[in-house]
file coords09.cif (mmCIF, C-alpha atoms and all ligand atoms)
data_my_file
loop_
_atom_site.label_atom_id
_atom_site.label_comp_id
_atom_site.auth_asym_id
_atom_site.auth_seq_id
_atom_site.Cartn_x
_atom_site.Cartn_y
_atom_site.Cartn_z
CA MET A 1 -4.05 -7.94 -28.61
CA ASN A 2 -5.88 -11.20 -29.26
CA ALA A 3 -8.69 -12.50 -27.08
CA GLY A 4 -6.57 -15.02 -25.12
CA PRO A 5 -5.43 -14.49 -21.54
CA VAL A 6 -3.06 -11.64 -20.74
CA LYS A 7 0.31 -13.33 -20.25
CA ALA A 8 2.46 -11.80 -17.52
CA LEU A 9 5.79 -12.30 -15.82
CA ILE A 10 5.55 -11.94 -12.05
CA LEU A 11 8.65 -10.24 -10.66
CA GLY A 12 8.88 -10.87 -6.90
CA TYR A 13 6.89 -13.84 -5.62
CA GLY A 14 6.36 -12.74 -2.03
CA ILE A 15 3.01 -11.86 -0.50
CA ARG A 16 1.85 -9.51 -3.25
CA GLY A 17 3.27 -11.57 -6.09
CA ARG A 18 1.37 -14.61 -4.79
CA VAL A 19 -1.86 -12.60 -4.44
CA TYR A 20 -1.69 -11.42 -8.06
CA GLY A 21 -0.51 -14.82 -9.29
CA ALA A 22 -3.57 -16.46 -7.72
CA TYR A 23 -5.75 -14.64 -10.28
CA ALA A 24 -4.42 -16.99 -12.95
CA LYS A 25 -5.95 -19.92 -11.06
CA THR A 26 -9.36 -18.33 -10.63
CA HIS A 27 -9.47 -16.58 -14.05
CA PRO A 28 -7.45 -18.76 -16.45
CA HIS A 29 -9.16 -17.30 -19.51
CA ASP A 30 -8.11 -13.79 -18.53
CA PHE A 31 -4.67 -14.10 -16.98
CA GLU A 32 -1.78 -16.49 -17.43
CA ILE A 33 1.57 -16.56 -15.63
CA ALA A 34 4.31 -16.49 -18.28
CA GLY A 35 7.18 -16.71 -15.78
CA LEU A 36 8.10 -16.16 -12.13
CA ALA A 37 11.18 -14.48 -10.68
CA ASP A 38 12.31 -14.52 -7.05
CA PRO A 39 15.64 -15.42 -5.44
CA VAL A 40 14.21 -17.21 -2.39
CA ALA A 41 10.49 -17.91 -2.80
CA GLU A 42 9.23 -21.41 -3.31
CA PHE A 43 7.35 -21.52 -6.59
CA PRO A 44 4.18 -23.63 -6.80
CA SER A 45 5.02 -27.22 -7.75
CA ASP A 46 2.46 -27.07 -10.57
CA ALA A 47 3.87 -23.81 -12.03
CA ASP A 48 3.94 -24.54 -15.73
CA CYS A 49 6.24 -21.65 -16.66
CA PRO A 50 9.90 -20.65 -16.62
CA THR A 51 11.34 -19.40 -13.32
CA TRP A 52 14.35 -17.24 -12.53
CA LYS A 53 16.26 -16.07 -9.47
CA SER A 54 16.17 -12.37 -10.35
CA TRP A 55 13.93 -9.90 -12.15
CA GLU A 56 16.83 -8.94 -14.42
CA ASP A 57 17.12 -12.52 -15.71
CA ALA A 58 13.38 -12.69 -16.28
CA LEU A 59 13.37 -9.52 -18.34
CA ALA A 60 16.47 -10.59 -20.27
CA ALA A 61 14.81 -13.85 -21.32
CA ASP A 62 12.86 -13.99 -24.53
CA VAL A 63 9.40 -14.88 -23.29
CA ASP A 64 6.03 -14.69 -25.00
CA ALA A 65 4.38 -12.19 -22.63
CA ASP A 66 2.26 -9.02 -22.76
CA ALA A 67 2.90 -7.65 -19.31
CA VAL A 68 4.82 -7.79 -16.04
CA VAL A 69 3.59 -7.58 -12.49
CA ILE A 70 6.18 -5.84 -10.31
CA ALA A 71 5.78 -7.03 -6.72
CA LEU A 72 9.40 -6.46 -5.72
CA PRO A 73 10.72 -4.59 -2.67
CA ASP A 74 10.16 -0.84 -3.02
CA ARG A 75 13.75 0.07 -3.92
CA LEU A 76 13.62 -2.19 -7.03
CA HIS A 77 10.40 -0.77 -8.50
CA TYR A 78 12.05 1.99 -10.50
CA LYS A 79 14.71 -0.05 -12.28
CA ALA A 80 12.39 -2.96 -12.96
CA CYS A 81 9.62 -0.73 -14.29
CA MET A 82 11.98 1.21 -16.56
CA ALA A 83 13.42 -2.03 -17.93
CA ALA A 84 9.97 -3.61 -18.43
CA LEU A 85 8.68 -0.57 -20.32
CA ALA A 86 11.80 -0.49 -22.48
CA LYS A 87 11.07 -4.15 -23.38
CA GLY A 88 7.58 -3.13 -24.47
CA TYR A 89 5.64 -4.72 -21.60
CA HIS A 90 2.56 -3.31 -19.93
CA VAL A 91 3.13 -3.02 -16.17
CA LEU A 92 1.11 -3.61 -13.03
CA LEU A 93 3.40 -1.84 -10.57
CA GLU A 94 3.05 -2.19 -6.83
CA LYS A 95 3.11 1.06 -4.92
CA PRO A 96 5.21 3.09 -4.43
CA ILE A 97 5.87 3.94 -8.08
CA GLY A 98 9.38 5.10 -7.13
CA CYS A 99 11.28 5.85 -3.95
CA THR A 100 11.91 9.47 -4.97
CA TRP A 101 9.96 11.97 -7.01
CA ALA A 102 12.75 11.96 -9.61
CA GLU A 103 12.20 8.20 -10.11
CA CYS A 104 8.46 8.79 -10.48
CA GLU A 105 9.03 11.45 -13.11
CA ALA A 106 11.44 9.23 -15.05
CA ILE A 107 8.83 6.46 -15.12
CA ARG A 108 6.27 8.96 -16.43
CA ASP A 109 8.68 9.97 -19.23
CA GLU A 110 9.36 6.34 -20.13
CA GLN A 111 5.63 5.57 -20.15
CA MET A 112 5.06 8.48 -22.56
CA ARG A 113 7.90 7.27 -24.79
CA THR A 114 6.88 3.62 -24.88
CA LYS A 115 3.08 4.19 -24.79
CA ARG A 116 2.54 1.23 -22.48
CA LEU A 117 0.16 0.95 -19.54
CA VAL A 118 1.48 1.47 -15.99
CA LEU A 119 -1.25 0.65 -13.47
CA THR A 120 -0.29 1.27 -9.82
CA GLY A 121 -1.32 -1.20 -7.10
CA TYR A 122 -3.88 1.13 -5.55
CA VAL A 123 -6.21 -1.73 -4.83
CA LEU A 124 -8.57 0.18 -2.53
CA ARG A 125 -10.14 2.27 -5.28
CA TYR A 126 -11.27 -1.00 -6.93
CA ALA A 127 -12.84 -2.40 -3.75
CA PRO A 128 -16.67 -2.37 -3.80
CA PHE A 129 -16.75 -0.51 -0.46
CA TYR A 130 -14.70 2.41 -1.75
CA LYS A 131 -16.48 2.46 -5.12
CA LYS A 132 -19.79 2.82 -3.29
CA LEU A 133 -18.37 5.49 -0.98
CA ARG A 134 -17.18 7.56 -3.92
CA GLU A 135 -20.58 7.21 -5.56
CA VAL A 136 -22.24 8.63 -2.43
CA ILE A 137 -19.75 11.52 -2.13
CA THR A 138 -20.10 12.53 -5.77
CA SER A 139 -23.92 12.18 -5.75
CA GLY A 140 -24.10 15.55 -4.02
CA GLU A 141 -26.26 14.13 -1.21
CA ILE A 142 -24.23 15.96 1.45
CA GLY A 143 -23.65 19.02 -0.73
CA GLU A 144 -20.18 20.36 -1.31
CA LEU A 145 -17.35 18.98 0.82
CA THR A 146 -15.93 21.46 3.32
CA SER A 147 -13.56 19.17 5.18
CA VAL A 148 -12.49 15.54 5.49
CA HIS A 149 -10.92 13.81 8.50
CA HIS A 150 -9.29 10.57 7.44
CA LEU A 151 -7.68 8.18 9.91
CA ALA A 152 -5.48 5.33 8.68
CA ALA A 153 -5.17 3.11 11.75
CA ILE A 154 -2.44 0.57 11.06
CA SER A 155 -2.77 -1.35 14.38
CA TYR A 156 0.12 -2.02 16.74
CA GLY A 157 0.50 -5.59 15.43
CA LYS A 158 0.71 -4.82 11.71
CA SER A 159 2.74 -1.66 12.26
CA SER A 160 5.32 -3.33 14.53
CA HIS A 161 5.53 -6.15 11.95
CA ALA A 162 6.15 -4.00 8.89
CA TYR A 163 7.48 -0.65 10.10
CA CYS A 164 9.49 -1.63 13.19
CA ARG A 165 10.73 -5.20 12.71
CA GLY A 166 10.15 -5.66 8.99
CA ASN A 167 10.86 -4.52 5.45
CA TRP A 168 9.85 -0.89 5.94
CA SER A 169 11.55 -0.20 9.28
CA VAL A 170 14.41 1.89 7.89
CA GLU A 171 13.38 4.81 5.69
CA SER A 172 16.62 4.95 3.70
CA ARG A 173 16.02 1.37 2.43
CA GLY A 174 12.96 2.52 0.49
CA THR A 175 10.51 5.26 1.32
CA GLY A 176 8.99 6.60 4.49
CA MET A 177 5.71 5.32 5.92
CA LEU A 178 3.75 8.08 4.21
CA VAL A 179 4.87 7.21 0.69
CA ASN A 180 4.85 3.46 1.27
CA LYS A 181 1.69 2.94 3.28
CA CYS A 182 -0.31 6.12 3.01
CA THR A 183 -0.08 6.56 -0.75
CA HIS A 184 -3.24 4.40 -0.61
CA ASP A 185 -4.80 7.17 1.45
CA PHE A 186 -3.46 9.93 -0.77
CA ASP A 187 -4.85 8.01 -3.73
CA LEU A 188 -8.31 7.80 -2.16
CA ILE A 189 -8.17 11.51 -1.35
CA GLU A 190 -7.12 12.30 -4.93
CA TRP A 191 -10.10 10.26 -6.14
CA TRP A 192 -12.58 11.81 -3.71
CA THR A 193 -11.51 15.34 -4.61
CA LYS A 194 -11.21 14.79 -8.36
CA GLY A 195 -11.03 18.09 -10.18
CA LYS A 196 -9.73 20.01 -7.16
CA ALA A 197 -6.02 20.64 -6.78
CA CYS A 198 -4.15 20.45 -3.48
CA LYS A 199 -2.66 23.90 -2.89
CA LYS A 200 -0.75 23.52 0.38
CA VAL A 201 0.44 20.67 2.56
CA SER A 202 2.15 20.42 5.90
CA SER A 203 2.98 17.40 8.01
CA PHE A 204 4.20 16.41 11.48
CA GLY A 205 5.27 13.01 12.70
CA SER A 206 7.98 11.04 14.43
CA LEU A 207 9.06 7.72 15.81
CA PHE A 208 7.44 8.17 19.19
CA HIS A 209 7.76 4.86 20.98
CA TRP A 210 9.73 1.98 19.39
CA ARG A 211 13.05 3.50 20.41
CA PRO A 212 15.94 2.00 22.45
CA GLU A 213 15.33 4.38 25.38
CA ASN A 214 11.83 2.92 25.87
CA ARG A 215 13.09 -0.64 26.21
CA PRO A 216 11.76 -2.18 29.46
CA GLU A 217 14.35 -2.99 32.09
CA GLY A 218 15.76 -6.48 31.62
CA ALA A 219 14.39 -6.95 28.08
CA ALA A 220 16.59 -9.05 25.79
CA ASP A 221 17.40 -8.38 22.13
CA ARG A 222 15.13 -11.24 21.04
CA CYS A 223 11.79 -12.29 22.51
CA GLN A 224 12.89 -15.91 23.07
CA ASN A 225 15.59 -14.67 25.48
CA CYS A 226 13.40 -12.16 27.28
CA PRO A 227 12.50 -12.82 30.96
CA GLU A 228 8.94 -14.11 31.18
CA HIS A 229 7.62 -11.27 33.33
CA VAL A 230 8.96 -8.70 30.81
CA ARG A 231 7.44 -10.57 27.87
CA GLU A 232 4.10 -10.92 29.65
CA ALA A 233 3.85 -7.15 30.08
CA CYS A 234 4.86 -6.40 26.48
CA PRO A 235 2.06 -6.04 23.87
CA PHE A 236 4.64 -6.34 21.08
CA ASP A 237 6.02 -9.72 22.23
CA ALA A 238 6.52 -11.80 19.06
CA TYR A 239 4.92 -14.88 20.68
CA LYS A 240 1.73 -12.88 21.37
CA LEU A 241 1.64 -11.40 17.87
CA TYR A 242 2.52 -14.44 15.76
CA TYR A 243 1.97 -17.53 17.89
CA GLU A 244 -0.98 -16.78 20.16
CA ARG A 245 -2.68 -14.71 17.43
CA THR A 246 -2.96 -16.00 13.90
CA ASP A 247 -4.06 -12.93 11.92
CA LEU A 248 -0.51 -11.84 11.03
CA ARG A 249 0.65 -15.30 9.96
CA TYR A 250 -0.28 -14.68 6.33
CA HIS A 251 2.99 -12.76 6.03
CA PHE A 252 4.90 -16.05 6.17
CA PRO A 253 4.90 -18.80 3.54
CA ASP A 254 4.45 -21.54 6.20
CA GLU A 255 1.78 -20.65 8.75
CA SER A 256 2.06 -23.85 10.85
CA ASP A 257 2.78 -23.52 14.62
CA GLU A 258 6.18 -25.18 14.18
CA ALA A 259 7.23 -22.84 11.37
CA ILE A 260 6.03 -19.78 13.30
CA LEU A 261 8.05 -20.79 16.40
CA LYS A 262 11.13 -21.28 14.24
CA MET A 263 10.52 -17.94 12.55
CA ILE A 264 10.32 -16.19 15.94
CA GLU A 265 13.63 -17.74 16.98
CA THR A 266 15.55 -17.07 13.79
CA SER A 267 14.05 -14.22 11.75
CA PRO A 268 14.02 -10.42 12.22
CA TYR A 269 10.41 -10.77 13.37
CA GLY A 270 11.59 -12.25 16.70
CA ARG A 271 13.61 -9.15 17.60
CA CYS A 272 12.72 -6.87 20.49
CA VAL A 273 10.81 -3.88 19.06
CA TYR A 274 13.13 -1.60 21.04
CA ALA A 275 16.26 -3.07 19.41
CA CYS A 276 15.46 -3.09 15.68
CA GLY A 277 17.56 -0.13 14.50
CA ASN A 278 14.32 1.26 13.02
CA ASP A 279 13.72 4.90 12.16
CA SER A 280 10.35 4.80 10.40
CA VAL A 281 7.72 7.10 11.95
CA ASP A 282 5.02 5.44 14.02
CA HIS A 283 2.51 8.28 13.79
CA GLN A 284 2.10 11.14 11.35
CA THR A 285 -0.44 13.85 10.55
CA VAL A 286 -0.88 15.64 7.23
CA LEU A 287 -2.87 18.85 6.70
CA MET A 288 -3.95 19.80 3.18
CA GLU A 289 -5.73 22.78 1.68
CA TYR A 290 -7.53 22.40 -1.65
CA ASP A 291 -8.98 24.68 -4.30
CA GLY A 292 -12.04 26.47 -2.99
CA GLY A 293 -11.00 26.11 0.67
CA LEU A 294 -11.67 22.39 1.24
CA THR A 295 -9.39 21.19 4.06
CA ILE A 296 -8.30 17.60 4.69
CA ILE A 297 -6.60 15.97 7.65
CA LEU A 298 -4.92 12.60 7.15
CA GLU A 299 -3.72 10.84 10.26
CA MET A 300 -1.64 7.68 10.31
CA GLU A 301 -1.50 5.88 13.66
CA SER A 302 0.37 2.73 14.67
CA TYR A 303 -0.92 2.44 18.23
CA SER A 304 -4.45 1.34 17.52
CA GLN A 305 -6.25 -1.86 18.37
CA GLN A 306 -8.10 -1.86 15.04
CA ARG A 307 -6.59 -2.00 11.58
CA ASN A 308 -8.90 0.08 9.43
CA ARG A 309 -9.62 3.44 7.90
CA ILE A 310 -12.24 5.74 9.33
CA THR A 311 -13.26 8.78 7.33
CA HIS A 312 -15.58 11.60 8.29
CA PHE A 313 -16.76 13.80 5.42
CA TYR A 314 -18.35 17.16 6.24
CA GLY A 315 -20.49 18.73 3.51
CA THR A 316 -22.70 21.81 3.21
CA ARG A 317 -25.83 19.60 3.41
CA GLY A 318 -24.75 16.73 5.65
CA GLU A 319 -22.10 14.28 6.81
CA ILE A 320 -20.81 10.83 5.85
CA ILE A 321 -18.96 8.53 8.20
CA ALA A 322 -17.25 5.51 6.64
CA ASP A 323 -15.29 2.81 8.46
CA GLU A 324 -14.60 0.17 5.78
CA VAL A 325 -17.64 -1.81 6.88
CA LYS A 326 -20.49 0.66 6.74
CA ILE A 327 -21.22 4.04 5.20
CA GLU A 328 -23.47 6.27 7.33
CA ILE A 329 -25.09 9.13 5.43
CA LYS A 330 -26.52 11.90 7.62
CA PRO A 331 -28.17 14.65 5.58
CA PHE A 332 -29.29 17.79 7.42
CA ILE A 333 -32.76 17.35 5.88
CA GLY A 334 -34.33 13.89 5.79
CA ASP A 335 -33.44 10.58 7.40
CA SER A 336 -30.02 9.09 7.93
CA THR A 337 -29.20 5.89 6.07
CA THR A 338 -26.55 3.21 6.43
CA ILE A 339 -25.12 1.22 3.55
CA ILE A 340 -23.11 -1.97 4.06
CA PRO A 341 -21.45 -2.89 0.74
CA ALA A 342 -20.65 -6.55 0.15
CA GLN A 343 -16.95 -7.35 0.47
CA HIS A 344 -15.12 -10.51 -0.50
CA GLY A 345 -11.40 -11.23 -0.40
CA HIS A 346 -8.19 -9.33 0.24
CA HIS A 347 -8.45 -5.55 0.53
CA GLY A 348 -12.24 -5.85 0.48
CA GLY A 349 -12.13 -7.39 -3.00
CA GLY A 350 -9.74 -4.75 -4.37
CA ASP A 351 -6.98 -7.27 -5.14
CA ARG A 352 -9.25 -9.22 -7.45
CA GLU A 353 -10.89 -6.17 -9.01
CA ILE A 354 -7.59 -4.48 -9.85
CA MET A 355 -6.56 -7.60 -11.77
CA ALA A 356 -9.82 -7.51 -13.70
CA GLU A 357 -9.18 -3.84 -14.49
CA PHE A 358 -5.58 -4.52 -15.52
CA VAL A 359 -6.67 -7.27 -17.92
CA LYS A 360 -9.41 -5.06 -19.34
CA LEU A 361 -7.07 -2.10 -19.86
CA VAL A 362 -4.39 -4.22 -21.54
CA ARG A 363 -6.93 -5.89 -23.79
CA THR A 364 -9.16 -3.04 -24.78
CA ALA A 365 -8.04 0.44 -23.70
CA SER A 366 -6.73 2.90 -26.21
CA PRO A 367 -3.08 3.80 -25.45
CA ASP A 368 -4.26 7.45 -25.36
CA ARG A 369 -5.78 6.69 -21.94
CA TYR A 370 -2.59 5.32 -20.41
CA PRO A 371 -0.86 8.63 -19.52
CA LYS A 372 -3.96 9.81 -17.59
CA ILE A 373 -4.04 6.60 -15.55
CA LEU A 374 -0.44 7.01 -14.44
CA GLU A 375 -0.84 10.77 -13.94
CA ALA A 376 -3.54 10.30 -11.28
CA ALA A 377 -1.31 7.88 -9.36
CA LEU A 378 1.64 10.22 -9.66
CA GLU A 379 -0.35 13.10 -8.24
CA SER A 380 -0.90 11.23 -4.97
CA HIS A 381 2.82 10.44 -4.82
CA ARG A 382 3.68 14.08 -5.48
CA ILE A 383 1.58 15.29 -2.55
CA ALA A 384 2.97 12.52 -0.30
CA PHE A 385 6.57 13.48 -1.16
CA LEU A 386 5.78 17.15 -0.50
CA ALA A 387 4.23 16.20 2.84
CA GLU A 388 7.43 14.34 3.76
CA GLN A 389 9.42 17.39 2.78
CA SER A 390 7.27 19.43 5.13
CA ARG A 391 7.96 16.97 7.95
CA TYR A 392 11.72 17.19 7.38
CA THR A 393 11.88 20.98 6.97
CA GLY A 394 9.06 22.18 9.23
CA LYS A 395 7.73 24.28 6.33
CA THR A 396 4.26 24.35 4.77
CA MET A 397 4.79 23.32 1.15
CA ASP A 398 3.19 25.15 -1.74
CA CYS A 399 1.95 22.35 -4.01
CA VAL A 400 1.45 24.68 -6.96
CA THR A 401 4.94 26.16 -7.16
CA GLU A 402 7.19 23.75 -5.25
CA LYS A 403 8.51 20.45 -6.53
CA PRO A 404 9.41 17.52 -4.26
CA ILE A 405 13.17 17.04 -3.93
N1 LIG B 1 -1.02 -2.61 -2.86
C1 LIG B 1 -0.97 -2.99 -1.61
O1 LIG B 1 -1.94 -2.93 -0.89
C2 LIG B 1 0.32 -3.52 -1.05
C3 LIG B 1 0.31 -4.24 0.16
C4 LIG B 1 1.54 -4.72 0.62
C5 LIG B 1 2.69 -4.48 -0.07
N2 LIG B 1 2.67 -3.74 -1.22
C6 LIG B 1 3.89 -3.48 -2.00
O2 LIG B 1 4.21 -4.66 -2.72
C7 LIG B 1 5.61 -4.83 -2.81
C8 LIG B 1 5.98 -6.23 -2.33
O3 LIG B 1 5.56 -6.34 -0.99
P1 LIG B 1 5.41 -7.78 -0.30
O4 LIG B 1 4.64 -7.54 0.96
O5 LIG B 1 4.90 -8.76 -1.28
O6 LIG B 1 6.92 -8.09 0.07
P2 LIG B 1 7.63 -9.51 0.11
O7 LIG B 1 8.91 -9.28 0.81
O8 LIG B 1 6.69 -10.54 0.64
O9 LIG B 1 7.87 -9.83 -1.45
C9 LIG B 1 8.90 -9.27 -2.21
C10 LIG B 1 9.57 -10.42 -2.97
O10 LIG B 1 10.54 -9.89 -3.87
C11 LIG B 1 11.61 -10.82 -3.91
N3 LIG B 1 12.82 -10.22 -4.46
C12 LIG B 1 13.78 -9.49 -3.82
N4 LIG B 1 14.76 -9.16 -4.67
C13 LIG B 1 14.43 -9.70 -5.88
C14 LIG B 1 15.04 -9.70 -7.16
N5 LIG B 1 16.21 -9.09 -7.37
N6 LIG B 1 14.42 -10.35 -8.19
C15 LIG B 1 13.22 -10.97 -7.98
N7 LIG B 1 12.61 -11.00 -6.79
C16 LIG B 1 13.19 -10.37 -5.75
C17 LIG B 1 11.76 -11.24 -2.45
O11 LIG B 1 12.50 -12.45 -2.35
C18 LIG B 1 10.32 -11.36 -2.00
O12 LIG B 1 9.83 -12.68 -2.15
C19 LIG B 1 6.23 -3.71 -1.99
O13 LIG B 1 6.70 -2.71 -2.81
C20 LIG B 1 5.09 -3.19 -1.14
O14 LIG B 1 5.18 -1.81 -0.87
C21 LIG B 1 1.50 -3.28 -1.72
#
call {"tool": "encode", "arguments": {"input": "coords09.cif", "output": "structure tokens"}}
result
Amino acid sequence: MNAGPVKALILGYGIRGRVYGAYAKTHPHDFEIAGLADPVAEFPSDADCPTWKSWEDALAADVDADAVVIALPDRLHYKACMAALAKGYHVLLEKPIGCTWAECEAIRDEQMRTKRLVLTGYVLRYAPFYKKLREVITSGEIGELTSVHHLAAISYGKSSHAYCRGNWSVESRGTGMLVNKCTHDFDLIEWWTKGKACKKVSSFGSLFHWRPENRPEGAADRCQNCPEHVREACPFDAYKLYYERTDLRYHFPDESDEAILKMIETSPYGRCVYACGNDSVDHQTVLMEYDGGLTIILEMESYSQQRNRITHFYGTRGEIIADEVKIEIKPFIGDSTTIIPAQHGHHGGGDREIMAEFVKLVRTASPDRYPKILEAALESHRIAFLAEQSRYTGKTMDCVTEKPI
């Protein structure tokens, strides 16, 4: 393609669509918005591009564009990605790639047929913190990895927002927590263990607490109707999470106090967490065995104060402990060191860096590289789907011979 900006349609202008769209403002020579599609979102008043109410209309229109960014709800990823590839667009596709393994495989086949790029929204591997961490792991400083303990702590605020009250509360509307949220973690693990195949996986998890039977006596269906003494004792009270605190407000287009109060009174985010009809797990553990005997534990936890990832790597010559702020390297011989990589912006800078990578790949990469890029992302989905199958069936899954259903 020519040296001008990569022109892209943004399908879905919610939180993620806005994050990716913002790159056009900061990097106008690299990225240009060629059109925006969303049925309800308010588009920026200075948007100098066509807009549509649905992704189908956007893809049906004849627009001068190179690519699409798919930031739609999970269940629309598959259809939109297939249609975008068939139109000849390169795709930046938010995770999950598909809601079933069959959808993921169909996208792989369509990518091979159309020879276009599909880059998955695994922003963490582009963040400077995780790039540095991988450099340390692969340097051999702690020898060969024997085991990894990886905790993805979601925090009770974020988890109740997304997986109890919000978009991902009901598994059948998209995917389970593991495929939606923890594919980031599976992706990091795939990256850290590059060259080693996962041989077996098993998983346990459930919806432990946000269930109707745990509803406090006297609690109402919505927080605004709840008796004050019940609300005061409830950590998940919507007024505490969205009004007294401000860190979750970025989920809403209008973050003013007035808009937040209205949102609590009228939206699903003001519902009692014990009356949301949710079935998504709130905690889950995955055990994996790799080539050569490396073992990995991935733990997803909703009931944490902190929202972060803490990983402990054990190697034959030392340990590494990483917590998304600092990387502590503790060799068995020699002094321990601590590295604090610089981080700027959403996802530790990963949101910006993935856009830079997308632009670079569209502009300069040989199409021969594209299948490999999607393949790595699919591998983390494959293991996540198998882990879910283990949770449902109680069986340990053989990742070499068994295929996710
Ligand atoms: N990579 C990451 O770190 C990360 C983080 C959060 C979310 N996500 C993923 O990004 C995707 C979007 O998540 P979000 O948090 O932005 O959700 P969101 O609800 O804020 O945005 C989705 C948008 O899609 C719009 N939409 C719905 N149907 C549409 C249609 N037919 N045509 C066009 N637009 C339509 C909605 O109106 C909404 O504005 C999800 O798949 C999610 O899993 C990825």
call {"tool": "closest_residue", "arguments": {"input": "coords09.cif", "among": "A:Ala41, A:Ile10, A:Ile321, A:Cys223", "to": "Leu92 of chain A", "atoms": "all atoms listed in the file"}}
result
A:Ile10
call {"tool": "residues_around", "arguments": {"input": "coords09.cif", "residues": "segment 212-221 of chain A", "least_positions_apart": "4", "cutoff": "7 Å", "atoms": "only C-alpha atoms", "output": "ChimeraX atom specification"}}
result
/A:225-227,230,271-272,274-275
call {"tool": "write_last_selection", "arguments": {"input": "coords09.cif", "atoms": "C-alpha atoms", "output": "CSV table (one decimal), keeping the file's coordinate frame"}}
result
chain,number,residue,atom,x,y,z
A,225,ASN,CA,15.6,-14.7,25.5
A,226,CYS,CA,13.4,-12.2,27.3
A,227,PRO,CA,12.5,-12.8,31.0
A,230,VAL,CA,9.0,-8.7,30.8
A,271,ARG,CA,13.6,-9.2,17.6
A,272,CYS,CA,12.7,-6.9,20.5
A,274,TYR,CA,13.1,-1.6,21.0
A,275,ALA,CA,16.3,-3.1,19.4
call {"tool": "residues_near_ligand", "arguments": {"input": "coords09.cif", "ligand": "ligand LIG 1 (chain B)", "cutoff": "7 Å", "atoms": "only C-alpha atoms and all ligand atoms", "output": "list in words"}}
result
Leu11, Gly12, Tyr13, Gly14, Ile15, Arg16, Gly17, Ala37, Asp38, Pro39, Val40, Ala41, Lys53, Ser54, Trp55, Glu56, Ala71, Leu72, Pro73, Asp74, Glu94, Lys95, Pro96, Gly121, Tyr122, Val123, Asn167, Asn180 and His251 of chain A
call {"tool": "write_last_selection", "arguments": {"input": "coords09.cif", "atoms": "C-alpha atoms", "output": "mmCIF file, in the coordinates of the input"}}
result
data_model
loop_
_atom_site.group_PDB
_atom_site.id
_atom_site.type_symbol
_atom_site.label_atom_id
_atom_site.label_comp_id
_atom_site.auth_asym_id
_atom_site.auth_seq_id
_atom_site.Cartn_x
_atom_site.Cartn_y
_atom_site.Cartn_z
ATOM 1 C CA LEU A 11 8.650 -10.240 -10.660
ATOM 2 C CA GLY A 12 8.880 -10.870 -6.900
ATOM 3 C CA TYR A 13 6.890 -13.840 -5.620
ATOM 4 C CA GLY A 14 6.360 -12.740 -2.030
ATOM 5 C CA ILE A 15 3.010 -11.860 -0.500
ATOM 6 C CA ARG A 16 1.850 -9.510 -3.250
ATOM 7 C CA GLY A 17 3.270 -11.570 -6.090
ATOM 8 C CA ALA A 37 11.180 -14.480 -10.680
ATOM 9 C CA ASP A 38 12.310 -14.520 -7.050
ATOM 10 C CA PRO A 39 15.640 -15.420 -5.440
ATOM 11 C CA VAL A 40 14.210 -17.210 -2.390
ATOM 12 C CA ALA A 41 10.490 -17.910 -2.800
ATOM 13 C CA LYS A 53 16.260 -16.070 -9.470
ATOM 14 C CA SER A 54 16.170 -12.370 -10.350
ATOM 15 C CA TRP A 55 13.930 -9.900 -12.150
ATOM 16 C CA GLU A 56 16.830 -8.940 -14.420
ATOM 17 C CA ALA A 71 5.780 -7.030 -6.720
ATOM 18 C CA LEU A 72 9.400 -6.460 -5.720
ATOM 19 C CA PRO A 73 10.720 -4.590 -2.670
ATOM 20 C CA ASP A 74 10.160 -0.840 -3.020
ATOM 21 C CA GLU A 94 3.050 -2.190 -6.830
ATOM 22 C CA LYS A 95 3.110 1.060 -4.920
ATOM 23 C CA PRO A 96 5.210 3.090 -4.430
ATOM 24 C CA GLY A 121 -1.320 -1.200 -7.100
ATOM 25 C CA TYR A 122 -3.880 1.130 -5.550
ATOM 26 C CA VAL A 123 -6.210 -1.730 -4.830
ATOM 27 C CA ASN A 167 10.860 -4.520 5.450
ATOM 28 C CA ASN A 180 4.850 3.460 1.270
ATOM 29 C CA HIS A 251 2.990 -12.760 6.030
#
call {"tool": "closest_residue", "arguments": {"input": "coords09.cif", "among": "A:His90, A:Lys199, A:Arg75, A:Lys330", "to": "Arg363 of chain A", "atoms": "only C-alpha atoms"}}
result
A:His90
call {"tool": "closest_residue", "arguments": {"input": "coords09.cif", "among": "A:Glu110, A:Glu357, A:Glu144, A:Asp66", "to": "Ala86 of chain A", "atoms": "all atoms listed in the file"}}
result
A:Glu110
call {"tool": "closest_atom_pairs", "arguments": {"input": "coords09.cif", "of": "segment 191-259 of chain A", "to": "segment 387-400 of chain A", "cutoff": "6 Å", "atoms": "all atoms listed in the file", "output": "JSON lines"}}
result
{"residue": "A:Lys199", "atom": "CA", "partner": "A:Cys399", "partner_atom": "CA", "distance": 5.0}
{"residue": "A:Lys200", "atom": "CA", "partner": "A:Asp398", "partner_atom": "CA", "distance": 4.8}
{"residue": "A:Val201", "atom": "CA", "partner": "A:Met397", "partner_atom": "CA", "distance": 5.3}
{"residue": "A:Ser202", "atom": "CA", "partner": "A:Thr396", "partner_atom": "CA", "distance": 4.6}
{"residue": "A:Ser203", "atom": "CA", "partner": "A:Arg391", "partner_atom": "CA", "distance": 5.0}
{"residue": "A:Phe204", "atom": "CA", "partner": "A:Arg391", "partner_atom": "CA", "distance": 5.2}
call {"tool": "residues_around", "arguments": {"input": "coords09.cif", "residues": "Asp282 of chain A", "least_positions_apart": "2", "cutoff": "10 Å", "atoms": "only C-alpha atoms", "output": "ChimeraX atom specification"}}
result
/A:154,156,159-160,163-164,169,177,205-210,279-280,284,300-303
